[in-house]
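Here is coords_15.csv, consisting of CSV, C-alpha atoms:
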chain,number,residue,atom,x,y,z
A,29,MET,CA,-125.5,2.7,75.6
A,30,LYS,CA,-126.6,4.7,78.6
A,31,ARG,CA,-130.4,4.6,78.8
A,32,VAL,CA,-133.1,2.1,77.9
A,33,GLY,CA,-136.8,2.7,77.6
A,34,ILE,CA,-139.6,0.2,78.3
A,35,LEU,CA,-143.2,0.3,77.2
A,36,THR,CA,-146.2,-2.0,77.1
A,37,SER,CA,-148.5,-1.9,74.1
A,38,GLY,CA,-151.8,-3.4,73.0
A,39,GLY,CA,-153.9,-5.6,75.3
A,40,ASP,CA,-152.6,-6.1,78.8
A,41,ALA,CA,-151.5,-9.6,79.9
A,42,PRO,CA,-150.7,-11.1,83.3
A,43,GLY,CA,-147.0,-11.2,83.8
A,44,MET,CA,-146.2,-7.9,82.1
A,45,ASN,CA,-145.2,-6.4,85.4
A,46,ALA,CA,-142.9,-9.3,86.1
A,47,CYS,CA,-141.2,-8.7,82.8
A,48,ILE,CA,-140.8,-5.0,83.5
A,49,ARG,CA,-139.3,-5.8,86.9
A,50,ALA,CA,-136.8,-8.3,85.4
A,51,ALA,CA,-135.8,-5.9,82.6
A,52,VAL,CA,-135.3,-3.0,85.0
A,53,ARG,CA,-133.2,-5.1,87.4
A,54,THR,CA,-131.0,-6.4,84.6
A,55,ALA,CA,-130.5,-3.0,83.1
A,56,LEU,CA,-129.5,-1.4,86.4
A,57,ASP,CA,-127.1,-4.2,87.1
A,58,ASN,CA,-125.4,-3.4,83.8
A,59,GLY,CA,-125.1,0.3,84.6
A,60,LEU,CA,-128.0,1.5,82.4
A,61,GLU,CA,-130.6,4.0,83.4
A,62,VAL,CA,-134.2,3.0,82.7
A,63,THR,CA,-137.1,5.2,81.5
A,64,GLY,CA,-140.7,3.9,81.5
A,65,ILE,CA,-143.0,5.1,78.8
A,66,ARG,CA,-146.6,5.2,80.0
A,67,ARG,CA,-149.6,4.3,77.8
A,68,GLY,CA,-147.6,2.6,75.1
A,69,PHE,CA,-147.0,4.3,71.8
A,70,SER,CA,-149.4,7.1,72.6
A,71,GLY,CA,-147.3,7.9,75.6
A,72,LEU,CA,-144.1,7.8,73.5
A,73,ILE,CA,-145.7,10.3,71.1
A,74,ASN,CA,-146.8,12.6,73.9
A,75,GLY,CA,-143.7,12.3,76.0
A,76,GLU,CA,-145.3,10.6,79.0
A,77,LEU,CA,-142.1,9.3,80.7
A,78,CYS,CA,-141.2,8.1,84.2
A,79,ARG,CA,-138.1,7.0,85.9
A,80,LEU,CA,-137.9,3.2,86.6
A,81,ASP,CA,-135.6,2.4,89.5
A,82,ARG,CA,-135.7,-0.4,92.1
A,83,ARG,CA,-138.2,1.5,94.2
A,84,ALA,CA,-140.6,1.8,91.2
A,85,ILE,CA,-140.6,-1.9,90.5
A,86,ARG,CA,-140.9,-3.1,94.1
A,87,ASN,CA,-143.7,-5.6,94.9
A,88,ILE,CA,-145.1,-5.8,91.3
A,89,VAL,CA,-144.1,-9.4,90.3
A,90,HIS,CA,-147.5,-10.7,91.5
A,91,ARG,CA,-149.6,-8.0,90.0
A,92,GLY,CA,-151.7,-8.3,86.9
A,93,GLY,CA,-152.0,-5.7,84.2
A,94,THR,CA,-149.1,-3.3,83.7
A,95,ILE,CA,-147.8,-0.5,85.9
A,96,LEU,CA,-146.9,1.4,82.7
A,97,GLU,CA,-150.5,1.2,81.4
A,98,THR,CA,-151.2,0.5,77.8
A,99,THR,CA,-153.2,1.7,74.8
A,100,ARG,CA,-153.6,1.1,71.1
A,101,SER,CA,-152.4,4.1,69.1
A,102,PRO,CA,-153.7,4.8,65.6
A,103,GLU,CA,-151.6,8.0,65.6
A,104,PHE,CA,-148.4,5.9,65.8
A,105,GLU,CA,-149.4,4.3,62.4
A,106,THR,CA,-148.8,7.7,60.7
A,107,GLN,CA,-145.5,9.2,59.6
A,108,GLU,CA,-146.1,12.3,61.8
A,109,GLY,CA,-146.9,10.1,64.9
A,110,MET,CA,-143.7,8.1,64.4
A,111,ALA,CA,-141.7,11.3,64.0
A,112,ARG,CA,-143.0,12.7,67.2
A,113,ALA,CA,-142.2,9.3,69.0
A,114,TYR,CA,-138.6,9.5,67.7
A,115,GLN,CA,-138.3,13.0,68.9
A,116,THR,CA,-139.3,11.9,72.4
A,117,LEU,CA,-136.6,9.2,72.4
A,118,ASP,CA,-134.0,11.7,71.0
A,119,ARG,CA,-134.8,14.4,73.6
A,120,SER,CA,-134.8,12.0,76.5
A,121,GLY,CA,-131.5,10.3,75.5
A,122,ILE,CA,-133.1,6.9,75.2
A,123,ASP,CA,-130.7,4.7,73.2
A,124,ALA,CA,-132.8,1.5,73.0
A,125,LEU,CA,-136.4,0.6,73.6
A,126,VAL,CA,-137.9,-2.7,74.9
A,127,LEU,CA,-141.5,-3.3,73.7
A,128,ILE,CA,-143.7,-5.7,75.5
A,129,GLY,CA,-146.8,-6.6,73.5
A,130,GLY,CA,-148.3,-8.7,70.7
A,131,GLU,CA,-148.1,-8.9,66.9
A,132,GLY,CA,-149.6,-5.5,66.4
A,133,THR,CA,-146.9,-4.0,68.6
A,134,PHE,CA,-144.2,-5.7,66.6
A,135,ARG,CA,-145.7,-4.7,63.3
A,136,GLY,CA,-145.5,-1.1,64.3
A,137,ALA,CA,-142.0,-1.6,65.7
A,138,GLY,CA,-140.8,-3.0,62.3
A,139,VAL,CA,-141.9,0.1,60.5
A,140,PHE,CA,-140.5,2.4,63.1
A,141,GLU,CA,-137.0,0.9,63.0
A,142,GLU,CA,-137.0,1.1,59.1
A,143,GLU,CA,-137.8,4.8,59.3
A,144,PHE,CA,-135.6,5.9,62.2
A,145,ASP,CA,-132.3,5.0,63.7
A,146,ILE,CA,-133.4,3.3,66.9
A,147,THR,CA,-132.6,0.0,68.7
A,148,LEU,CA,-135.7,-2.0,69.4
A,149,VAL,CA,-136.2,-5.3,71.1
A,150,GLY,CA,-139.5,-7.0,71.6
A,151,VAL,CA,-141.0,-9.3,74.2
A,152,PRO,CA,-144.2,-11.3,73.5
A,153,GLY,CA,-147.0,-10.5,75.9
A,154,THR,CA,-150.6,-11.5,74.8
A,155,ILE,CA,-153.1,-14.0,76.2
A,156,ASP,CA,-153.9,-15.0,72.6
A,157,ASN,CA,-150.5,-16.7,72.3
A,158,ASP,CA,-150.6,-16.1,68.5
A,159,VAL,CA,-147.1,-14.5,68.1
A,160,TYR,CA,-144.8,-16.5,65.8
A,161,GLY,CA,-141.3,-17.2,67.2
A,162,THR,CA,-142.2,-18.3,70.8
A,163,ASP,CA,-144.0,-21.4,72.1
A,164,TYR,CA,-145.7,-19.3,74.8
A,165,CYS,CA,-146.5,-15.6,75.3
A,166,ILE,CA,-146.6,-13.9,78.6
A,167,GLY,CA,-150.1,-14.1,80.0
A,168,PHE,CA,-151.3,-17.2,78.1
A,169,ASP,CA,-150.9,-19.6,81.0
A,170,THR,CA,-152.8,-17.3,83.4
A,171,ALA,CA,-155.6,-16.9,80.8
A,172,ILE,CA,-155.9,-20.7,80.3
A,173,ASN,CA,-156.3,-21.2,84.1
A,174,CYS,CA,-158.9,-18.5,84.3
A,175,ALA,CA,-160.9,-20.3,81.5
A,176,LEU,CA,-160.3,-23.7,83.0
A,177,GLY,CA,-161.7,-22.5,86.3
A,178,ALA,CA,-164.8,-21.3,84.5
A,179,ILE,CA,-165.2,-24.6,82.7
A,180,ASP,CA,-165.0,-26.6,85.9
A,181,ARG,CA,-167.7,-24.5,87.5
A,182,ILE,CA,-169.9,-24.6,84.4
A,183,ARG,CA,-169.5,-28.4,84.4
A,184,ASP,CA,-171.3,-28.6,87.8
A,185,THR,CA,-174.3,-26.6,86.6
A,186,ALA,CA,-174.4,-28.3,83.2
A,187,SER,CA,-174.5,-31.7,84.8
A,188,SER,CA,-177.0,-30.7,87.4
A,189,HIS,CA,-179.5,-29.3,84.9
A,190,GLU,CA,-178.6,-31.5,82.0
A,191,ARG,CA,-177.9,-28.5,79.9
A,192,LEU,CA,-175.8,-27.5,76.9
A,193,PHE,CA,-173.4,-24.7,77.6
A,194,PHE,CA,-171.4,-22.5,75.1
A,195,LEU,CA,-168.4,-21.0,76.9
A,196,GLU,CA,-166.8,-18.3,74.9
A,197,VAL,CA,-163.1,-17.4,75.4
A,198,MET,CA,-160.9,-14.8,73.8
A,199,GLY,CA,-158.8,-15.5,70.6
A,200,HIS,CA,-159.1,-13.2,67.6
A,201,HIS,CA,-157.4,-15.2,64.9
A,202,SER,CA,-156.2,-18.2,66.7
A,203,GLY,CA,-157.6,-21.0,68.8
A,204,PHE,CA,-154.7,-21.5,71.3
A,205,LEU,CA,-156.7,-20.4,74.3
A,206,ALA,CA,-159.8,-22.4,73.4
A,207,LEU,CA,-157.9,-25.5,72.5
A,208,GLU,CA,-155.7,-25.8,75.6
A,209,SER,CA,-158.3,-24.8,78.1
A,210,GLY,CA,-160.9,-27.0,76.4
A,211,ILE,CA,-158.7,-30.1,76.5
A,212,ALA,CA,-157.7,-29.4,80.1
A,213,GLY,CA,-161.4,-29.1,81.0
A,214,GLY,CA,-162.5,-32.2,79.2
A,215,VAL,CA,-165.1,-30.4,77.2
A,216,GLU,CA,-167.1,-32.1,74.4
A,217,GLU,CA,-166.5,-29.6,71.6
A,218,ILE,CA,-164.0,-26.9,70.8
A,219,LEU,CA,-164.7,-24.3,68.1
A,220,ILE,CA,-161.7,-22.4,66.8
A,221,PRO,CA,-160.9,-20.2,63.8
A,222,GLU,CA,-158.5,-22.7,62.3
A,223,TYR,CA,-161.3,-25.1,61.6
A,224,PRO,CA,-164.4,-24.0,59.6
A,225,LEU,CA,-167.7,-24.3,61.6
A,226,ASN,CA,-170.4,-26.6,60.2
A,227,ILE,CA,-173.6,-26.2,62.2
A,228,ASP,CA,-175.1,-29.4,60.9
A,229,ASP,CA,-172.1,-31.5,61.9
A,230,LEU,CA,-171.9,-29.8,65.3
A,231,SER,CA,-175.6,-30.4,65.9
A,232,THR,CA,-175.3,-34.0,64.9
A,233,ARG,CA,-172.4,-34.6,67.4
A,234,LEU,CA,-174.3,-32.8,70.2
A,235,GLN,CA,-177.3,-35.0,69.5
A,236,GLU,CA,-175.2,-38.1,69.8
A,237,TYR,CA,-173.8,-36.9,73.2
A,238,LEU,CA,-177.4,-36.5,74.3
A,239,LYS,CA,-178.4,-40.0,73.1
A,240,ALA,CA,-175.3,-41.4,74.9
A,241,GLY,CA,-176.7,-40.2,78.2
A,242,LYS,CA,-174.3,-37.3,78.9
A,243,SER,CA,-175.8,-35.3,81.7
A,244,GLY,CA,-174.2,-32.0,80.6
A,245,THR,CA,-172.3,-30.8,77.5
A,246,ILE,CA,-169.9,-28.0,77.2
A,247,VAL,CA,-168.7,-26.3,73.9
A,248,VAL,CA,-165.8,-23.9,74.2
A,249,VAL,CA,-165.8,-21.2,71.5
A,250,ALA,CA,-163.0,-18.9,70.4
A,251,GLU,CA,-164.5,-15.5,69.9
A,252,GLY,CA,-162.8,-14.9,66.6
A,253,ASN,CA,-163.4,-11.5,65.0
A,254,ARG,CA,-166.9,-11.2,66.6
A,255,PRO,CA,-167.1,-11.3,70.4
A,256,GLY,CA,-170.4,-12.7,71.3
A,257,ILE,CA,-170.6,-15.1,68.4
A,258,SER,CA,-171.6,-17.9,70.8
A,259,TYR,CA,-175.1,-16.5,70.9
A,260,GLN,CA,-175.5,-16.9,67.2
A,261,ILE,CA,-174.1,-20.4,67.3
A,262,ALA,CA,-176.4,-21.4,70.2
A,263,SER,CA,-179.4,-20.0,68.3
A,264,ALA,CA,-178.5,-22.0,65.2
A,265,VAL,CA,-178.0,-25.2,67.2
A,266,LYS,CA,-181.3,-24.8,69.1
A,267,LYS,CA,-183.2,-25.2,65.8
A,268,LYS,CA,-181.6,-28.7,65.4
A,269,VAL,CA,-181.0,-30.1,68.8
A,270,ASP,CA,-183.7,-30.6,71.4
A,271,MET,CA,-181.6,-29.5,74.4
A,272,GLU,CA,-181.8,-26.4,76.5
A,273,SER,CA,-178.7,-24.3,76.2
A,274,ARG,CA,-177.0,-21.4,77.9
A,275,VAL,CA,-174.1,-19.0,76.8
A,276,CYS,CA,-171.3,-17.7,79.0
A,277,VAL,CA,-168.9,-15.1,77.6
A,278,LEU,CA,-165.7,-14.7,79.7
A,279,GLY,CA,-164.5,-11.7,77.9
A,280,HIS,CA,-161.9,-9.5,79.7
A,281,LEU,CA,-162.0,-11.6,82.8
A,282,GLN,CA,-159.3,-13.7,81.2
A,283,ARG,CA,-156.9,-10.7,81.0
A,284,GLY,CA,-156.8,-9.8,84.7
A,285,GLY,CA,-155.6,-11.4,87.9
A,286,SER,CA,-152.3,-12.4,89.4
A,287,PRO,CA,-150.1,-14.2,87.0
A,288,THR,CA,-149.4,-17.9,87.5
A,289,ALA,CA,-145.9,-19.2,88.4
A,290,ARG,CA,-145.4,-20.3,84.8
A,291,ASP,CA,-146.1,-16.8,83.5
A,292,ARG,CA,-143.9,-15.1,86.1
A,293,ILE,CA,-141.0,-17.3,85.3
A,294,LEU,CA,-141.4,-16.9,81.5
A,295,ALA,CA,-141.8,-13.1,81.9
A,296,SER,CA,-138.7,-12.9,84.1
A,297,THR,CA,-136.7,-15.0,81.7
A,298,LEU,CA,-137.7,-12.9,78.7
A,299,GLY,CA,-137.2,-9.6,80.6
A,300,VAL,CA,-133.6,-10.5,81.4
A,301,ALA,CA,-133.1,-11.7,77.8
A,302,ALA,CA,-134.5,-8.5,76.3
A,303,ILE,CA,-131.8,-6.3,78.0
A,304,GLN,CA,-129.1,-8.8,77.2
A,305,ALA,CA,-130.3,-8.6,73.5
A,306,VAL,CA,-130.0,-4.8,73.7
A,307,LEU,CA,-126.4,-5.1,75.0
A,308,GLU,CA,-125.5,-7.7,72.5
A,309,GLY,CA,-126.8,-5.6,69.6
A,310,ARG,CA,-129.7,-7.9,68.6
A,311,GLU,CA,-131.9,-5.0,67.7
A,312,GLY,CA,-134.9,-5.6,65.4
A,313,ASN,CA,-135.8,-8.9,67.1
A,314,MET,CA,-138.3,-10.3,69.5
A,315,VAL,CA,-136.9,-12.6,72.2
A,316,GLY,CA,-139.0,-15.7,72.8
A,317,GLU,CA,-138.7,-19.2,74.1
A,318,VAL,CA,-138.8,-22.3,71.8
A,319,LYS,CA,-138.5,-25.8,73.3
A,320,GLY,CA,-137.1,-24.3,76.5
A,321,ASP,CA,-134.3,-22.3,74.8
A,322,LEU,CA,-134.2,-18.6,74.0
A,323,SER,CA,-135.0,-17.6,70.4
A,324,TYR,CA,-134.7,-14.4,68.4
A,325,THR,CA,-137.2,-13.6,65.7
A,326,CYS,CA,-137.1,-10.5,63.4
A,327,PHE,CA,-140.2,-8.3,63.8
A,328,LYS,CA,-141.5,-9.0,60.3
A,329,ASP,CA,-141.7,-12.7,60.9
A,330,THR,CA,-143.6,-12.3,64.2
A,331,TRP,CA,-146.7,-11.2,62.4
A,332,GLN,CA,-146.2,-12.3,58.8
A,333,LYS,CA,-145.7,-16.0,59.6
A,334,LYS,CA,-148.6,-18.0,61.0
A,335,LYS,CA,-148.0,-19.7,64.3
A,336,PRO,CA,-149.4,-23.3,64.1
A,337,LEU,CA,-151.5,-24.9,66.7
A,338,PRO,CA,-149.7,-27.7,68.6
A,339,ALA,CA,-150.0,-30.7,66.3
A,340,GLY,CA,-150.1,-33.2,69.2
A,341,LEU,CA,-153.1,-31.4,70.8
A,342,THR,CA,-155.2,-31.1,67.6
A,343,SER,CA,-154.6,-34.8,66.9
A,344,ILE,CA,-156.1,-35.9,70.2
A,345,LEU,CA,-158.9,-33.4,70.3
A,346,ARG,CA,-161.6,-35.6,68.8
A,347,LEU,CA,-160.5,-38.7,70.7
A,348,LEU,CA,-160.8,-37.0,74.1
A,349,SER,CA,-164.1,-35.4,73.4
A,350,GLU,CA,-166.0,-38.6,72.5

Structure re-expressed in structure tokens:
Amino acid sequence: MKRVGILTSGGDAPGMNACIRAAVRTALDNGLEVTGIRRGFSGLINGELCRLDRRAIRNIVHRGGTILETTRSPEFETQEGMARAYQTLDRSGIDALVLIGGEGTFRGAGVFEEEFDITLVGVPGTIDNDVYGTDYCIGFDTAINCALGAIDRIRDTASSHERLFFLEVMGHHSGFLALESGIAGGVEEILIPEYPLNIDDLSTRLQEYLKAGKSGTIVVVAEGNRPGISYQIASAVKKKVDMESRVCVLGHLQRGGSPTARDRILASTLGVAAIQAVLEGREGNMVGEVKGDLSYTCFKDTWQKKKPLPAGLTSILRLLSE
């Protein structure tokens, strides 16, 4: 083992740079050379490489996004694309590859390692927090705090104008972000993909809040597969509830910004663990953190197994919203 490569793939997440920094420092400390792959799997296919030394990672721990940049690569899903990616690794003398990303990244990595002889180790980085095998993904805590800040500000306006607000946060197939930011913000309703939406039931509860004298009501909505779905929900509710409403879609605001302390520590811990996993021969796994301890999950499980919402939080959701 002489050289390790690092790439970031899929959506960017605050803390990715802290993870890159930790991985590079650990690799160098163990006598390894480090090569960065720019623009994810697309850069791997096209040979977009850069040297990562101590100078390259200086003063990046506090920066959002990723210095390596990232893309989603349909070409990597083809046999030809994977073959070109492997040729890049072979020509460059890269013996192992650390991949920072979400379940889509690990799905591709699982196929890649089955087709070619390459050592791969993953690190979970996604604000959706939907990767099985780790309690928290890099970027999730920062995204929660971004959403929470918006909830606190919307609360002021909702109360002042006695309005109903629908605040939409990210979360394709999971409600982690909506659930935790909503509970932290003390909102009245949280709509997540894990629970089917019934407009009649939602409208009844909103009407009850209005009768109870609440001066402002906030509904946090996970975007699901359709960003902007809050507008459809608000339109349907308006037909049943006599209350003026507004919609606020946070969108990509949640992805940017300086990572929180919690995300920097998690990213640093997992960055170190990824290089140690490479050195220990734990290829084909994602390193994560479960109940405060390091965990190792094979790539197939990271996307085939459904990560459950925290049972404790779902059980108190209704109690705290009433």

Q: Give me, please, the distance in Å between atom CA of A:Arg66 and atom CA of A:Thr330, quoted to one decimal.
A: 23.8 Å

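For A:Glu131, the set of protein, DNA and RNA residues having any atom at most 8 Å away, when counting only C-alpha atoms and skipping those fewer than 5 positions along the same chain, is A:Asp158, A:Val159, A:Thr330, A:Trp331.
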
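Atom CA of A:Val52 is positioned 14.6 Å from atom CA of A:Gly150.
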
(Q) List as a list in words the protein and nucleic acid residues near A:Ala212, meaning an atom at most 10 Å away when only C-alpha atoms are counted, but skip any in the same chain fewer than 6 places from it. (A) Ile172, Asn173, Ala175, Leu176, Ile179, Asp180 and Ala206 of chain A

Write the residues you've just listed into a file as an mmCIF file, in the coordinates of the input, and include C-alpha atoms for each of them.
data_model
loop_
_atom_site.group_PDB
_atom_site.id
_atom_site.type_symbol
_atom_site.label_atom_id
_atom_site.label_comp_id
_atom_site.auth_asym_id
_atom_site.auth_seq_id
_atom_site.Cartn_x
_atom_site.Cartn_y
_atom_site.Cartn_z
ATOM 1 C CA ILE A 172 -155.900 -20.700 80.300
ATOM 2 C CA ASN A 173 -156.300 -21.200 84.100
ATOM 3 C CA ALA A 175 -160.900 -20.300 81.500
ATOM 4 C CA LEU A 176 -160.300 -23.700 83.000
ATOM 5 C CA ILE A 179 -165.200 -24.600 82.700
ATOM 6 C CA ASP A 180 -165.000 -26.600 85.900
ATOM 7 C CA ALA A 206 -159.800 -22.400 73.400
#

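Atom CA of A:Leu234 sits 26.7 Å away from atom CA of A:Ala171.
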
Once you count all atoms listed in the file, what closest atom pair and distance in Å to one decimal does each residue of stretch 255-346 of chain A within 12 Å of stretch 237-246 of chain A have, with rows by chain and rising residue number, as a Markdown table?
| residue | atom | partner | partner_atom | distance |
| --- | --- | --- | --- | --- |
| A:Ala262 | CA | A:Ile246 | CA | 11.6 |
| A:Val269 | CA | A:Leu238 | CA | 9.2 |
| A:Asp270 | CA | A:Leu238 | CA | 9.1 |
| A:Met271 | CA | A:Leu238 | CA | 8.2 |
| A:Glu272 | CA | A:Gly244 | CA | 10.3 |
| A:Ser273 | CA | A:Thr245 | CA | 9.2 |
| A:Arg274 | CA | A:Ile246 | CA | 9.7 |
| A:Val275 | CA | A:Ile246 | CA | 9.9 |
| A:Cys276 | CA | A:Ile246 | CA | 10.5 |

(Q) Which residues are near A:Thr154? Cut-off 9 Å, all atoms listed in the file, ignore same chain within fewer than 2 positions. Put them as a ChimeraX atom specification. (A) /A:38-42,129-131,152,156-159,165-168,283

Write the residues of the preceding selection, restricted to C-alpha atoms, as a PDB file, keeping the file's coordinate frame.
ATOM      1  CA  GLY A  38    -151.800  -3.400  73.000  1.00  0.00           C
ATOM      2  CA  GLY A  39    -153.900  -5.600  75.300  1.00  0.00           C
ATOM      3  CA  ASP A  40    -152.600  -6.100  78.800  1.00  0.00           C
ATOM      4  CA  ALA A  41    -151.500  -9.600  79.900  1.00  0.00           C
ATOM      5  CA  PRO A  42    -150.700 -11.100  83.300  1.00  0.00           C
ATOM      6  CA  GLY A 129    -146.800  -6.600  73.500  1.00  0.00           C
ATOM      7  CA  GLY A 130    -148.300  -8.700  70.700  1.00  0.00           C
ATOM      8  CA  GLU A 131    -148.100  -8.900  66.900  1.00  0.00           C
ATOM      9  CA  PRO A 152    -144.200 -11.300  73.500  1.00  0.00           C
ATOM     10  CA  ASP A 156    -153.900 -15.000  72.600  1.00  0.00           C
ATOM     11  CA  ASN A 157    -150.500 -16.700  72.300  1.00  0.00           C
ATOM     12  CA  ASP A 158    -150.600 -16.100  68.500  1.00  0.00           C
ATOM     13  CA  VAL A 159    -147.100 -14.500  68.100  1.00  0.00           C
ATOM     14  CA  CYS A 165    -146.500 -15.600  75.300  1.00  0.00           C
ATOM     15  CA  ILE A 166    -146.600 -13.900  78.600  1.00  0.00           C
ATOM     16  CA  GLY A 167    -150.100 -14.100  80.000  1.00  0.00           C
ATOM     17  CA  PHE A 168    -151.300 -17.200  78.100  1.00  0.00           C
ATOM     18  CA  ARG A 283    -156.900 -10.700  81.000  1.00  0.00           C
TER      19      ARG A 283
END

Q: Between A:Lys267, A:Ile293, A:Glu196, A:Glu222, single out the one closest to A:Gly320, counting only C-alpha atoms.
A: A:Ile293

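With distances taken over all atoms listed in the file, A:Met44 is the one residue among A:Val277, A:Met44, A:Ile257, A:Leu205 lying closest to A:Val89.
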
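Neighbouring residues of A:Phe204 at 10 Å or closer, counting all atoms listed in the file and skipping chain neighbours under 3 positions away, are A:Ile155, A:Asp156, A:Asn157, A:Asp158, A:Tyr164, A:Phe168, A:Ile172, A:Met198, A:Gly199, A:His201, A:Leu207, A:Glu208, A:Ser209, A:Gly210, A:Ile220, A:Pro221, A:Glu222, A:Ala250, A:Lys335, A:Pro336, A:Leu337, A:Pro338.
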
Q: Pick out the residues sitting within 6 Å of A:Asp291, and hand them over as a PyMOL selection string; count all atoms listed in the file, and ignore anything fewer than 3 positions along from it in its own chain.
A: chain A and resi 43+166-167+287-288+294-295

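Proximity to A:Ile182 was assessed for A:Gly203, A:Thr232, A:Leu278, A:Asp163 counting only C-alpha atoms; the smallest distance is recorded for A:Leu278.
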
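Proximity of A:Ala302, A:Leu345, A:Leu225, A:Val197 to A:Ala55, computed with all atoms listed in the file, is greatest for A:Ala302.
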
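With only C-alpha atoms as the basis for measurement, A:Ile303 is the residue among A:Leu72, A:Ala124, A:Ile303, A:Leu230 that approaches A:Cys47 most closely.
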
Need a file for stretch 209-237 of chain A from that block: C-alpha atoms, written as an mmCIF file, in the first residue's frame.
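The file below, part.cif, is the result:
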data_model
loop_
_atom_site.group_PDB
_atom_site.id
_atom_site.type_symbol
_atom_site.label_atom_id
_atom_site.label_comp_id
_atom_site.auth_asym_id
_atom_site.auth_seq_id
_atom_site.Cartn_x
_atom_site.Cartn_y
_atom_site.Cartn_z
ATOM 1 C CA SER A 209 -35.520 20.046 13.180
ATOM 2 C CA GLY A 210 -39.282 20.073 13.720
ATOM 3 C CA ILE A 211 -39.070 18.711 17.250
ATOM 4 C CA ALA A 212 -36.218 21.083 18.097
ATOM 5 C CA GLY A 213 -38.275 23.985 16.756
ATOM 6 C CA GLY A 214 -41.468 23.014 18.582
ATOM 7 C CA VAL A 215 -43.576 22.995 15.418
ATOM 8 C CA GLU A 216 -47.189 21.852 15.386
ATOM 9 C CA GLU A 217 -46.998 19.287 12.558
ATOM 10 C CA ILE A 218 -44.258 17.294 10.813
ATOM 11 C CA LEU A 219 -44.968 15.576 7.485
ATOM 12 C CA ILE A 220 -42.483 12.869 6.526
ATOM 13 C CA PRO A 221 -42.386 10.087 3.888
ATOM 14 C CA GLU A 222 -42.513 7.361 6.549
ATOM 15 C CA TYR A 223 -46.100 8.290 7.453
ATOM 16 C CA PRO A 224 -48.840 8.598 4.782
ATOM 17 C CA LEU A 225 -50.344 12.066 4.479
ATOM 18 C CA ASN A 226 -54.093 12.422 5.049
ATOM 19 C CA ILE A 227 -55.217 15.945 4.156
ATOM 20 C CA ASP A 228 -58.507 15.597 6.048
ATOM 21 C CA ASP A 229 -56.786 14.555 9.282
ATOM 22 C CA LEU A 230 -54.138 17.269 8.921
ATOM 23 C CA SER A 231 -56.797 19.911 8.263
ATOM 24 C CA THR A 232 -58.785 18.804 11.315
ATOM 25 C CA ARG A 233 -55.765 19.118 13.574
ATOM 26 C CA LEU A 234 -54.871 22.524 12.143
ATOM 27 C CA GLN A 235 -58.431 23.684 12.754
ATOM 28 C CA GLU A 236 -58.149 22.523 16.360
ATOM 29 C CA TYR A 237 -54.964 24.553 16.832
#
